[in-house]
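Asker: Compact mmCIF, C-alpha atoms and all ligand atoms, file coords.txt:
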# COMPACT_ATOMS: atom_id res chain seq x y z
CA MET Y 1 -20.91 13.69 2.76
CA ASN Y 2 -19.97 16.72 4.87
CA ASP Y 3 -17.08 16.80 7.34
CA GLN Y 4 -19.37 16.28 10.31
CA GLU Y 5 -20.70 13.05 8.79
CA LEU Y 6 -17.19 11.94 7.83
CA LYS Y 7 -16.12 12.44 11.43
CA LYS Y 8 -19.09 10.46 12.70
CA TYR Y 9 -18.40 7.55 10.36
CA LEU Y 10 -14.66 7.53 11.02
CA GLN Y 11 -15.52 6.69 14.62
CA ALA Y 12 -18.29 4.21 13.73
CA LYS Y 13 -18.70 1.05 15.76
CA GLY Y 14 -21.49 -1.55 16.07
CA ASN Y 15 -24.65 -0.75 14.09
CA LEU Y 16 -23.30 2.47 12.65
CA GLN Y 17 -20.25 0.61 11.31
CA THR Y 18 -22.46 -2.10 9.80
CA GLU Y 19 -24.49 0.63 8.13
CA LEU Y 20 -21.29 2.22 6.77
CA PHE Y 21 -19.93 -1.06 5.39
CA THR Y 22 -23.31 -1.88 3.81
CA LYS Y 23 -23.29 1.48 2.03
CA ALA Y 24 -19.71 0.92 0.82
CA ASN Y 25 -20.51 -2.59 -0.40
CA LYS Y 26 -23.59 -1.46 -2.28
CA LEU Y 27 -21.49 1.07 -4.18
CA ARG Y 28 -18.73 -1.46 -4.79
CA GLU Y 29 -21.26 -3.88 -6.27
CA GLU Y 30 -22.87 -1.17 -8.37
CA TYR Y 31 -19.65 0.29 -9.80
CA ILE Y 32 -17.04 -2.46 -9.94
CA GLY Y 33 -18.81 -5.67 -8.93
CA ASN Y 34 -17.65 -8.23 -6.40
CA ASP Y 35 -14.39 -9.34 -8.03
CA VAL Y 36 -11.14 -9.15 -6.09
CA HIS Y 37 -7.87 -9.04 -8.05
CA PHE Y 38 -4.41 -10.16 -6.95
CA ARG Y 39 -0.98 -8.52 -7.00
CA GLY Y 40 1.99 -10.68 -6.13
CA ILE Y 41 4.32 -8.42 -4.16
CA ILE Y 42 8.10 -8.81 -4.35
CA GLU Y 43 9.96 -6.83 -1.69
CA PHE Y 44 13.14 -6.96 -3.73
CA SER Y 45 15.44 -4.73 -1.62
CA ASN Y 46 15.51 -3.25 1.88
CA HIS Y 47 18.22 -0.71 1.12
CA CYS Y 48 16.87 2.79 1.64
CA GLU Y 49 18.34 6.28 1.44
CA LYS Y 50 15.54 7.69 3.55
CA ASN Y 51 15.14 7.72 7.28
CA CYS Y 52 11.39 7.96 7.99
CA ASP Y 53 10.85 7.97 11.77
CA TYR Y 54 8.29 5.15 11.72
CA CYS Y 55 9.87 2.62 9.38
CA GLY Y 56 11.90 -0.43 10.35
CA ILE Y 57 14.11 -0.34 7.26
CA ARG Y 58 15.02 3.36 7.60
CA SER Y 59 18.68 4.03 6.84
CA GLY Y 60 19.35 4.83 10.50
CA ASN Y 61 18.41 1.30 11.63
CA LYS Y 62 21.81 -0.35 11.81
CA LYS Y 63 20.42 -3.54 13.35
CA ILE Y 64 19.15 -5.02 10.12
CA GLU Y 65 20.99 -6.91 7.46
CA ARG Y 66 20.50 -5.29 4.07
CA TYR Y 67 19.74 -7.27 0.91
CA CYS Y 68 18.94 -6.81 -2.73
CA MET Y 69 17.58 -9.77 -4.65
CA SER Y 70 19.44 -10.74 -7.82
CA LYS Y 71 17.73 -10.54 -11.19
CA GLU Y 72 17.66 -14.35 -11.26
CA GLU Y 73 15.87 -14.48 -7.91
CA ILE Y 74 13.35 -11.90 -9.08
CA LYS Y 75 12.86 -13.93 -12.27
CA GLU Y 76 11.98 -16.98 -10.15
CA CYS Y 77 9.35 -14.92 -8.33
CA LEU Y 78 7.96 -13.70 -11.64
CA ASP Y 79 7.75 -17.28 -12.92
CA PHE Y 80 5.81 -18.12 -9.78
CA ILE Y 81 3.38 -15.20 -10.28
CA ASP Y 82 2.93 -16.32 -13.87
CA GLN Y 83 2.29 -19.94 -12.89
CA VAL Y 84 -0.22 -19.18 -10.15
CA LYS Y 85 -1.86 -16.51 -12.34
CA TYR Y 86 -1.89 -13.59 -9.93
CA GLY Y 87 -2.05 -11.39 -13.05
CA SER Y 88 0.01 -8.49 -11.65
CA VAL Y 89 3.26 -7.86 -9.83
CA VAL Y 90 4.15 -5.14 -7.32
CA LEU Y 91 7.87 -4.39 -7.04
CA GLN Y 92 8.52 -2.72 -3.69
CA SER Y 93 11.73 -1.50 -2.06
CA GLY Y 94 13.31 1.23 -0.03
CA GLU Y 95 14.09 4.45 -1.88
CA LEU Y 96 17.26 4.35 -3.97
CA THR Y 97 18.32 6.97 -6.46
CA SER Y 98 21.88 5.92 -7.39
CA PRO Y 99 22.54 5.33 -11.12
CA ALA Y 100 23.25 1.64 -10.41
CA ALA Y 101 19.96 1.14 -8.51
CA LYS Y 102 18.02 2.93 -11.25
CA LYS Y 103 19.64 0.83 -13.97
CA PHE Y 104 18.77 -2.35 -12.05
CA LEU Y 105 15.10 -1.37 -11.60
CA LEU Y 106 14.77 -0.38 -15.25
CA GLU Y 107 16.24 -3.70 -16.38
CA VAL Y 108 13.82 -5.61 -14.15
CA VAL Y 109 10.85 -3.73 -15.63
CA GLN Y 110 12.17 -4.40 -19.15
CA LEU Y 111 12.53 -8.07 -18.29
CA ILE Y 112 8.92 -8.30 -17.09
CA ASN Y 113 7.65 -6.52 -20.16
CA GLN Y 114 9.55 -8.83 -22.48
CA GLU Y 115 9.03 -12.15 -20.75
CA TYR Y 116 5.58 -11.66 -19.22
CA PRO Y 117 3.79 -9.16 -21.50
CA GLU Y 118 0.40 -9.96 -19.96
CA MET Y 119 1.49 -9.14 -16.40
CA GLY Y 120 0.37 -5.87 -14.76
CA ILE Y 121 3.33 -3.94 -13.31
CA THR Y 122 3.06 -1.75 -10.22
CA LEU Y 123 6.09 -0.02 -8.74
CA SER Y 124 6.40 1.16 -5.15
CA CYS Y 125 9.95 2.46 -4.81
CA GLY Y 126 9.54 5.94 -3.36
CA GLU Y 127 10.12 9.39 -4.80
CA LEU Y 128 11.88 8.89 -8.13
CA ASP Y 129 12.62 11.76 -10.49
CA SER Y 130 10.30 12.52 -13.37
CA ARG Y 131 12.72 11.61 -16.14
CA PHE Y 132 13.36 8.18 -14.63
CA LEU Y 133 9.64 7.62 -14.04
CA LYS Y 134 9.13 8.33 -17.74
CA GLU Y 135 11.76 5.75 -18.66
CA LEU Y 136 10.12 3.17 -16.40
CA LYS Y 137 6.72 3.93 -17.94
CA GLU Y 138 8.12 3.51 -21.44
CA ALA Y 139 9.68 0.21 -20.35
CA GLY Y 140 6.23 -1.09 -19.35
CA ALA Y 141 5.49 -0.05 -15.77
CA HIS Y 142 1.96 1.33 -15.72
CA ARG Y 143 0.99 1.67 -12.05
CA TYR Y 144 2.76 3.39 -9.17
CA LEU Y 145 1.98 3.36 -5.47
CA LEU Y 146 3.26 6.26 -3.35
CA ARG Y 147 1.55 6.92 -0.05
CA ILE Y 148 1.38 10.48 1.20
CA GLU Y 149 1.50 9.03 4.77
CA THR Y 150 -0.28 12.17 6.04
CA SER Y 151 -1.37 15.28 4.17
CA ASN Y 152 -0.95 17.47 7.27
CA PRO Y 153 2.39 19.29 6.74
CA LYS Y 154 2.97 19.70 10.49
CA LEU Y 155 2.42 16.02 11.24
CA TYR Y 156 4.50 15.05 8.19
CA GLU Y 157 7.33 17.16 9.54
CA LYS Y 158 7.00 15.54 12.95
CA ILE Y 159 7.47 12.01 11.64
CA HIS Y 160 10.23 12.67 9.10
CA PRO Y 161 13.74 14.11 9.25
CA ALA Y 162 14.03 17.71 8.02
CA SER Y 163 15.53 16.57 4.69
CA HIS Y 164 12.28 14.73 3.74
CA SER Y 165 9.79 16.92 1.94
CA LEU Y 166 6.02 16.60 1.70
CA LYS Y 167 6.16 19.04 -1.22
CA ASN Y 168 8.44 16.69 -3.15
CA ARG Y 169 6.16 13.76 -2.40
CA ILE Y 170 3.17 15.67 -3.77
CA LYS Y 171 5.24 16.81 -6.77
CA THR Y 172 6.13 13.17 -7.48
CA LEU Y 173 2.46 12.18 -7.31
CA GLU Y 174 1.65 14.98 -9.76
CA ASN Y 175 4.46 13.83 -12.07
CA LEU Y 176 3.07 10.31 -12.00
CA LYS Y 177 -0.32 11.65 -13.02
CA LYS Y 178 1.24 13.69 -15.85
CA LEU Y 179 3.10 10.61 -17.06
CA ASP Y 180 -0.24 8.82 -17.20
CA TYR Y 181 0.47 6.10 -14.67
CA GLN Y 182 -2.41 4.56 -12.76
CA VAL Y 183 -1.53 6.39 -9.57
CA GLY Y 184 -2.05 4.97 -6.11
CA CYS Y 185 -1.83 6.85 -2.85
CA GLY Y 186 -2.64 6.17 0.77
CA ASN Y 187 -1.89 7.11 4.33
CA MET Y 188 -1.15 5.56 7.67
CA VAL Y 189 -4.04 5.59 10.10
CA GLY Y 190 -3.11 5.86 13.76
CA ILE Y 191 0.10 7.87 13.60
CA PRO Y 192 0.81 9.21 17.11
CA GLY Y 193 -0.53 12.77 17.20
CA GLN Y 194 -2.87 12.29 14.20
CA THR Y 195 -6.41 13.65 14.67
CA LEU Y 196 -9.74 12.76 13.04
CA ASP Y 197 -9.55 16.13 11.29
CA ASP Y 198 -6.21 15.06 9.79
CA LEU Y 199 -7.87 11.94 8.41
CA ILE Y 200 -10.70 14.02 6.94
CA THR Y 201 -8.07 16.24 5.28
CA ASP Y 202 -6.45 13.08 3.87
CA LEU Y 203 -9.81 12.00 2.40
CA HIS Y 204 -10.19 15.41 0.74
CA PHE Y 205 -6.60 15.27 -0.50
CA PHE Y 206 -7.28 11.89 -2.11
CA GLN Y 207 -10.44 13.20 -3.75
CA ASP Y 208 -8.81 16.42 -4.96
CA LEU Y 209 -5.84 14.65 -6.56
CA ASP Y 210 -8.25 12.12 -8.02
CA PHE Y 211 -6.18 8.97 -7.49
CA ASP Y 212 -6.94 5.68 -9.24
CA MET Y 213 -5.77 3.32 -6.51
CA PHE Y 214 -5.28 3.26 -2.77
CA GLY Y 215 -3.01 1.25 -0.53
CA LEU Y 216 -3.48 2.48 3.00
CA GLY Y 217 -3.04 0.83 6.31
CA PRO Y 218 -2.75 1.20 10.06
CA TYR Y 219 0.41 2.53 11.65
CA VAL Y 220 2.20 -0.29 13.48
CA ILE Y 221 4.85 0.30 16.08
CA HIS Y 222 8.49 -0.62 15.43
CA GLU Y 223 10.68 -0.38 18.51
CA ASP Y 224 13.92 0.27 16.61
CA THR Y 225 12.61 3.58 15.26
CA PRO Y 226 12.24 7.04 16.82
CA LEU Y 227 8.44 6.96 16.54
CA GLY Y 228 8.36 3.57 18.22
CA ASN Y 229 9.61 4.97 21.55
CA SER Y 230 8.19 3.60 24.78
CA LYS Y 231 5.70 6.45 25.26
CA ASN Y 232 4.23 5.94 21.79
CA LYS Y 233 4.27 2.19 22.23
CA LYS Y 234 2.19 2.45 25.37
CA TRP Y 235 -0.27 4.74 23.57
CA TRP Y 236 -0.36 2.45 20.51
CA VAL Y 237 -1.02 -0.71 22.52
CA ALA Y 238 -3.83 1.01 24.42
CA ASN Y 239 -5.41 2.28 21.17
CA LYS Y 240 -5.00 -0.77 18.92
CA GLU Y 241 -8.70 -1.53 18.66
CA GLU Y 242 -9.51 2.04 17.71
CA ILE Y 243 -6.70 2.24 15.10
CA PHE Y 244 -7.99 -0.99 13.52
CA ASN Y 245 -11.60 0.22 13.42
CA THR Y 246 -10.71 3.67 12.12
CA THR Y 247 -8.65 2.12 9.29
CA LEU Y 248 -11.63 -0.01 8.23
CA ASN Y 249 -13.96 2.99 8.42
CA PHE Y 250 -11.49 5.02 6.36
CA ILE Y 251 -11.51 2.33 3.65
CA ALA Y 252 -15.31 2.24 3.60
CA LEU Y 253 -15.46 6.04 3.29
CA LEU Y 254 -12.96 5.98 0.42
CA ARG Y 255 -15.09 3.39 -1.37
CA ILE Y 256 -18.10 5.69 -0.93
CA LEU Y 257 -16.26 8.85 -2.03
CA ILE Y 258 -14.36 7.27 -4.96
CA PRO Y 259 -16.37 4.13 -5.83
CA THR Y 260 -14.44 3.19 -8.99
CA ALA Y 261 -10.98 3.19 -7.36
CA ASN Y 262 -8.94 0.06 -6.68
CA ILE Y 263 -8.41 -0.23 -2.92
CA ALA Y 264 -5.93 -2.74 -1.53
CA THR Y 265 -6.34 -4.53 1.78
CA ALA Y 266 -3.19 -3.95 3.87
CA THR Y 267 -1.24 -6.87 5.32
CA ALA Y 268 -0.57 -4.70 8.40
CA LEU Y 269 -4.22 -5.20 9.39
CA ASP Y 270 -3.40 -8.83 10.21
CA VAL Y 271 -1.17 -7.54 13.04
CA PHE Y 272 -4.37 -6.44 14.80
CA LYS Y 273 -6.66 -9.41 14.08
CA PRO Y 274 -5.97 -12.75 12.36
CA GLN Y 275 -8.61 -11.89 9.76
CA GLY Y 276 -7.71 -8.20 9.53
CA ARG Y 277 -7.42 -8.28 5.76
CA VAL Y 278 -10.80 -10.01 5.44
CA TRP Y 279 -12.37 -7.12 7.36
CA ALA Y 280 -10.88 -4.58 4.95
CA LEU Y 281 -12.39 -6.52 2.03
CA LYS Y 282 -15.72 -6.46 3.86
CA ALA Y 283 -15.31 -2.71 4.32
CA GLY Y 284 -14.81 -2.01 0.61
CA ALA Y 285 -11.32 -3.08 -0.53
CA ASN Y 286 -11.07 -5.01 -3.83
CA ILE Y 287 -7.37 -5.85 -4.17
CA ILE Y 288 -5.25 -8.34 -2.21
CA MET Y 289 -1.45 -8.53 -2.39
CA PRO Y 290 -0.08 -11.98 -1.50
CA SER Y 291 3.62 -11.89 -0.72
CA VAL Y 292 5.92 -13.49 -3.26
CA THR Y 293 9.06 -12.42 -1.42
CA PRO Y 294 11.22 -15.52 -0.79
CA GLN Y 295 10.97 -16.68 2.82
CA LYS Y 296 14.66 -16.06 3.51
CA TYR Y 297 14.25 -12.29 2.95
CA ARG Y 298 10.94 -11.79 4.74
CA ASP Y 299 12.33 -11.14 8.23
CA LYS Y 300 14.64 -8.50 6.74
CA TYR Y 301 11.78 -6.46 5.30
CA LEU Y 302 10.07 -5.53 8.53
CA LEU Y 303 8.65 -2.05 7.96
CA TYR Y 304 6.77 -2.65 11.20
CA GLN Y 305 6.91 -5.12 14.06
CA ASP Y 306 5.06 -8.46 14.17
CA LYS Y 307 4.67 -8.51 10.39
CA PRO Y 308 2.52 -11.51 9.41
CA CYS Y 309 3.57 -14.34 7.08
CA VAL Y 310 7.30 -13.97 7.84
CA ASP Y 311 7.68 -17.74 8.33
CA GLU Y 312 5.60 -18.55 5.28
CA ASP Y 313 6.68 -19.33 1.77
CA PRO Y 314 5.08 -17.82 -1.37
CA THR Y 315 3.26 -21.12 -1.97
CA ASP Y 316 1.56 -20.83 1.45
CA CYS Y 317 0.14 -17.43 0.52
CA ILE Y 318 -1.93 -18.60 -2.49
CA ASP Y 319 -4.67 -20.61 -0.82
CA CYS Y 320 -4.57 -18.36 2.23
CA THR Y 321 -5.35 -15.19 0.28
CA ILE Y 322 -7.94 -16.89 -1.95
CA GLU Y 323 -9.62 -18.14 1.24
CA LYS Y 324 -9.62 -14.62 2.70
CA VAL Y 325 -11.46 -13.29 -0.36
CA LYS Y 326 -14.03 -16.07 -0.06
CA MET Y 327 -14.46 -15.37 3.65
CA ALA Y 328 -15.44 -11.83 2.71
CA ARG Y 329 -18.04 -13.37 0.35
CA LEU Y 330 -16.28 -11.87 -2.67
CA ASN Y 331 -15.08 -13.42 -5.89
CA PRO Y 332 -11.32 -14.17 -6.25
CA VAL Y 333 -10.22 -13.55 -9.85
CA LEU Y 334 -6.97 -15.01 -11.13
CA GLY Y 335 -5.33 -14.49 -14.52
CA LYS Y 336 -6.45 -10.89 -14.97
CA GLN Y 337 -4.64 -7.61 -14.41
CA GLY Y 338 -7.63 -5.95 -12.75
CA ASN Y 339 -6.82 -2.38 -13.75
CA SER Y 340 -8.44 0.59 -12.08
CA LEU Y 341 -11.86 1.50 -13.50
CA HIS Y 342 -11.28 4.98 -12.14
CA TYR Y 343 -8.26 5.32 -14.43
CA LYS Y 344 -10.24 3.98 -17.39
CA ASN Y 345 -13.05 6.45 -16.76
CA ARG Y 346 -10.58 9.33 -16.50
CA HIS Y 347 -9.64 8.50 -20.05
CA GLY Y 348 -13.23 8.44 -21.27
N1 LIG Y 401 10.08 3.15 0.14
C1 LIG Y 401 8.81 3.23 -0.51
C2 LIG Y 401 8.04 1.93 -0.48
C3 LIG Y 401 8.26 1.03 0.70
S1 LIG Y 401 7.60 1.61 2.21
C4 LIG Y 401 7.98 4.35 0.08
O1 LIG Y 401 8.25 4.79 1.18
O2 LIG Y 401 7.04 4.78 -0.60
C5 LIG Y 401 5.88 1.34 1.92
C6 LIG Y 401 4.97 1.90 2.97
O3 LIG Y 401 5.18 1.24 4.21
C7 LIG Y 401 5.18 3.36 3.33
O4 LIG Y 401 4.56 4.20 2.41
C8 LIG Y 401 4.56 3.44 4.73
O5 LIG Y 401 3.24 3.93 4.67
C9 LIG Y 401 4.51 1.99 5.18
N2 LIG Y 401 5.15 1.84 6.50
C10 LIG Y 401 6.42 2.08 6.86
N3 LIG Y 401 6.58 1.93 8.19
C11 LIG Y 401 5.37 1.57 8.69
C12 LIG Y 401 4.88 1.29 10.00
N4 LIG Y 401 5.66 1.34 11.06
N5 LIG Y 401 3.58 0.96 10.14
C13 LIG Y 401 2.77 0.90 9.05
N6 LIG Y 401 3.17 1.17 7.80
C14 LIG Y 401 4.46 1.51 7.62
FE1 LIG Y 402 12.50 4.06 3.21
FE2 LIG Y 402 9.92 3.86 2.44
FE3 LIG Y 402 10.72 3.09 4.90
FE4 LIG Y 402 10.68 5.70 4.32
S1 LIG Y 402 8.90 4.31 4.41
S2 LIG Y 402 12.35 4.60 5.36
S3 LIG Y 402 11.26 5.65 2.17
S4 LIG Y 402 11.29 2.17 2.96
Take the structure in the file and give it back as structure tokens.
Answerer:
Amino acid sequence: MNDQELKKYLQAKGNLQTELFTKANKLREEYIGNDVHFRGIIEFSNHCEKNCDYCGIRSGNKKIERYCMSKEEIKECLDFIDQVKYGSVVLQSGELTSPAAKKFLLEVVQLINQEYPEMGITLSCGELDSRFLKELKEAGAHRYLLRIETSNPKLYEKIHPASHSLKNRIKTLENLKKLDYQVGCGNMVGIPGQTLDDLITDLHFFQDLDFDMFGLGPYVIHEDTPLGNSKNKKWWVANKEEIFNTTLNFIALLRILIPTANIATATALDVFKPQGRVWALKAGANIIMPSVTPQKYRDKYLLYQDKPCVDEDPTDCIDCTIEKVKMARLNPVLGKQGNSLHYKNRHG
């Protein structure tokens, strides 16, 4: 598909959007089938050394109460994932690079590997150094999710403090590839100032770096952040419908461009429509990530405003997510890791 076509489809609505989703679904069926796999996500800590301008748990947000779950609490979540047979866990947190934080994360990964050897392990803990990523890999972590946010250096600079580096983010992604992780990337669609050309560049970036997994979602305003100022909020509210549609179109295009990749449906889509995640599955996503974070921590992990499922408990999320998969007329699969076929093919 050339850039002109990509641009046309990114803006697709009505019949053109139906045509796009049909194309994406045909390829999904052909390459990976209609199974949807689960990842129970544990947002185990909201401490973060970084200060991204869009994120509600940035270090500069002094309004929130910080937490880090104990190993025992994480173990309870893992028992739950094991019992309900999600098959995989995602450990997500703010970015922490202190020796104590690294030791803690390593011990958690070791615990999972020892106690739940069948469980898939994805980490999403920011830009960690290569030596530590190697240790985590050796301890049993085998997937890593690190969004690029935007591949446009100018836009990246605009939404991050000067100390944050796009180059380092790309370097980390390259390190993850070298270390043979299943590597996931993604962006935010609808960042104030982002153009359709930026999104096309993101698609090319994803193709060029040949990622195995994607976890991308719409940008959602957070008022206690610099990017969530009143001017941007006004713009965001007025453009919600378009941001939602463009995110779905982006997912469908990714499915067409990289048909064997695992693509997750983002919870942030439910901010826009009650069945937002169902729409992403209809557009080409094949992974759903029910929250396993204990209810008492959920309102402290608000990366963005109006986050769904904050009042729910992990038990509420089982039937709800299974139902969403069925609503998309896809097949919910429990008890399997659901690794990326793209990764498998890369290894012949
Ligand atoms: N600290 C790690 C993982 C947690 S943040 C990291 O940054 O990689 C996970 C993702 O949340 C980020 O990559 C970002 O894309 C997303 N996020 C943060 N703030 C957001 C917002 N306001 N709207 C939508 N997504 C947001
Ligand atoms: Fe920290 Fe990640 Fe939020 Fe940036 S996006 S402030 S690294 S949690």
Asker: Check which residues fall inside 7 Å of ligand LIG 402 (chain Y) when counting all atoms listed in the file, and print them as a list in words.
Answerer: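 Checking all atoms listed in the file against ligand LIG 402 (chain Y) at 7 Å gives Asn46, Cys48, Glu49, Lys50, Asn51, Cys52, Cys55, Gly56, Ile57, Arg58, Ser59, Ser93, Gly94, Glu95, Gly126 and Leu303 of chain Y.
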Asker: Using all atoms listed in the file, pick whichever of Y:Ala24, Y:Arg66, Y:Lys233, Y:Leu173 has the shortest atom-to-atom distance to Leu302 of chain Y.
Answerer: Y:Arg66
Asker: By how many Å are atom CA of Leu123 of chain Y and atom CA of Thr225 of chain Y apart?
Answerer: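 Between atom CA of Leu123 of chain Y and atom CA of Thr225 of chain Y the gap is 25.1 Å.
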Asker: Between Y:Arg255, Y:Arg143, Y:His47, Y:His347, which one has atoms that come closest to ligand LIG 401 (chain Y), using all atoms listed in the file?
Answerer: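 Using all atoms listed in the file, the shortest distance to ligand LIG 401 (chain Y) belongs to Y:His47.
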Asker: Report, in Å with one decimal, the straight-line distance from atom CA of Tyr9 of chain Y to atom CA of Asn249 of chain Y.
Answerer: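 Atom-to-atom, atom CA of Tyr9 of chain Y to atom CA of Asn249 of chain Y, that is 6.7 Å.
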Asker: Go through the chains and note each residue within 6 Å of ligand LIG 401 (chain Y), using all atoms listed in the file, then give the set as a count of residues only.
Answerer: 20
Asker: Using all atoms listed in the file, find all polymer residues with an atom at most 9 Å away from the point (-2.9, 18.8, 8.1); report them as a list in words.
Answerer: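 Here is the list of nearby residues: Thr150, Ser151, Asn152, Pro153, Lys154, Leu155, Tyr156, Gln194, Asp197, Asp198, Leu199, Thr201 and Asp202 of chain Y.
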Asker: Kindly export the residues of the current selection with C-alpha atoms, as an mmCIF file, in the frame of the given file.
Answerer:
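Wrote out.cif, looks like this:
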data_model
loop_
_atom_site.group_PDB
_atom_site.id
_atom_site.type_symbol
_atom_site.label_atom_id
_atom_site.label_comp_id
_atom_site.auth_asym_id
_atom_site.auth_seq_id
_atom_site.Cartn_x
_atom_site.Cartn_y
_atom_site.Cartn_z
ATOM 1 C CA THR Y 150 -0.280 12.170 6.040
ATOM 2 C CA SER Y 151 -1.370 15.280 4.170
ATOM 3 C CA ASN Y 152 -0.950 17.470 7.270
ATOM 4 C CA PRO Y 153 2.390 19.290 6.740
ATOM 5 C CA LYS Y 154 2.970 19.700 10.490
ATOM 6 C CA LEU Y 155 2.420 16.020 11.240
ATOM 7 C CA TYR Y 156 4.500 15.050 8.190
ATOM 8 C CA GLN Y 194 -2.870 12.290 14.200
ATOM 9 C CA ASP Y 197 -9.550 16.130 11.290
ATOM 10 C CA ASP Y 198 -6.210 15.060 9.790
ATOM 11 C CA LEU Y 199 -7.870 11.940 8.410
ATOM 12 C CA THR Y 201 -8.070 16.240 5.280
ATOM 13 C CA ASP Y 202 -6.450 13.080 3.870
#
Asker: Counting all atoms listed in the file, which residue out of Y:Tyr31, Y:Tyr144, Y:Phe244, Y:Tyr116 sits closest to Ile81 of chain Y?
Answerer: Y:Tyr116
Asker: Smallest atom-to-atom distance to Ser70 of chain Y: which of Y:Leu334, Y:Leu136, Y:Ala162, Y:Leu105, using all atoms listed in the file?
Answerer: Y:Leu105
Asker: From the options Y:Ile42, Y:Leu179, Y:Ile32, Y:Val278, which residue's atoms come nearest to Leu341 of chain Y, counting all atoms listed in the file?
Answerer: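 Of the candidates, the smallest distance to Leu341 of chain Y is held by Y:Ile32.
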Asker: Nearest to Ile318 of chain Y among Y:Ile288, Y:Ala264, Y:Leu216, Y:Met1, with distances taken over only C-alpha atoms: which residue is it?
Answerer: Y:Ile288
Asker: Anything within 8 Å of (-7.8, 7.4, -5.1): list those residues as a ChimeraX atom specification, counting only C-alpha atoms and sticking to the file's coordinates.
Answerer: /Y:183-186,206-207,209-214,254,258,261-263
Asker: So that I can check the surroundings of Asn2 of chain Y, please list as a list in words every protein, DNA and RNA residue that reaches within 12 Å of it, counting all atoms listed in the file and ignoring chain neighbours fewer than 3 positions away.
Answerer: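 Once the nearby chain positions are removed, what remains is Glu5, Leu6, Lys7, Lys8, Tyr9, Ile200, Thr201, Leu203, His204, Leu253 and Leu257 of chain Y.
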Asker: Leaving out Asn331 of chain Y and any residue of its chain fewer than 4 positions from it, which residues lie within 10 Å of it when counting all atoms listed in the file, given as a PDB file with C-alpha atoms, keeping the file's coordinate frame?
Answerer:
ATOM      1  CA  GLY Y  33     -18.810  -5.670  -8.930  1.00  0.00           C
ATOM      2  CA  ASN Y  34     -17.650  -8.230  -6.400  1.00  0.00           C
ATOM      3  CA  ASP Y  35     -14.390  -9.340  -8.030  1.00  0.00           C
ATOM      4  CA  VAL Y  36     -11.140  -9.150  -6.090  1.00  0.00           C
ATOM      5  CA  HIS Y  37      -7.870  -9.040  -8.050  1.00  0.00           C
ATOM      6  CA  ASN Y 286     -11.070  -5.010  -3.830  1.00  0.00           C
ATOM      7  CA  ILE Y 322      -7.940 -16.890  -1.950  1.00  0.00           C
ATOM      8  CA  VAL Y 325     -11.460 -13.290  -0.360  1.00  0.00           C
ATOM      9  CA  LYS Y 326     -14.030 -16.070  -0.060  1.00  0.00           C
ATOM     10  CA  MET Y 327     -14.460 -15.370   3.650  1.00  0.00           C
TER      11      MET Y 327
END
Asker: What's around Ala266 of chain Y at 7 Å? Count all atoms listed in the file, leave out sequence neighbours fewer than 4 positions away in its own chain, and write the answer as a list in words.
Answerer: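 Contacts, with the query itself left out: Gly215, Leu216, Gly217 and Arg277 of chain Y.
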Asker: Those residues with C-alpha atoms, as a PDB file, in the coordinates of the input please?
Answerer:
ATOM      1  CA  GLY Y 215      -3.010   1.250  -0.530  1.00  0.00           C
ATOM      2  CA  LEU Y 216      -3.480   2.480   3.000  1.00  0.00           C
ATOM      3  CA  GLY Y 217      -3.040   0.830   6.310  1.00  0.00           C
ATOM      4  CA  ARG Y 277      -7.420  -8.280   5.760  1.00  0.00           C
TER       5      ARG Y 277
END
Asker: Using Å and a single decimal, report how far atom CA of Val189 of chain Y sits from atom CA of Ile243 of chain Y.
Answerer: 6.6 Å
Asker: Need the axis-aligned box for segment 91-98 of chain Y with 3 Å each side, so what are the centre and edges in Å to one decimal, as lines of an AutoDock Vina configuration file?
Answerer:
center_x = 14.9
center_y = 1.3
center_z = -3.7
size_x = 20.0
size_y = 17.4
size_z = 13.4
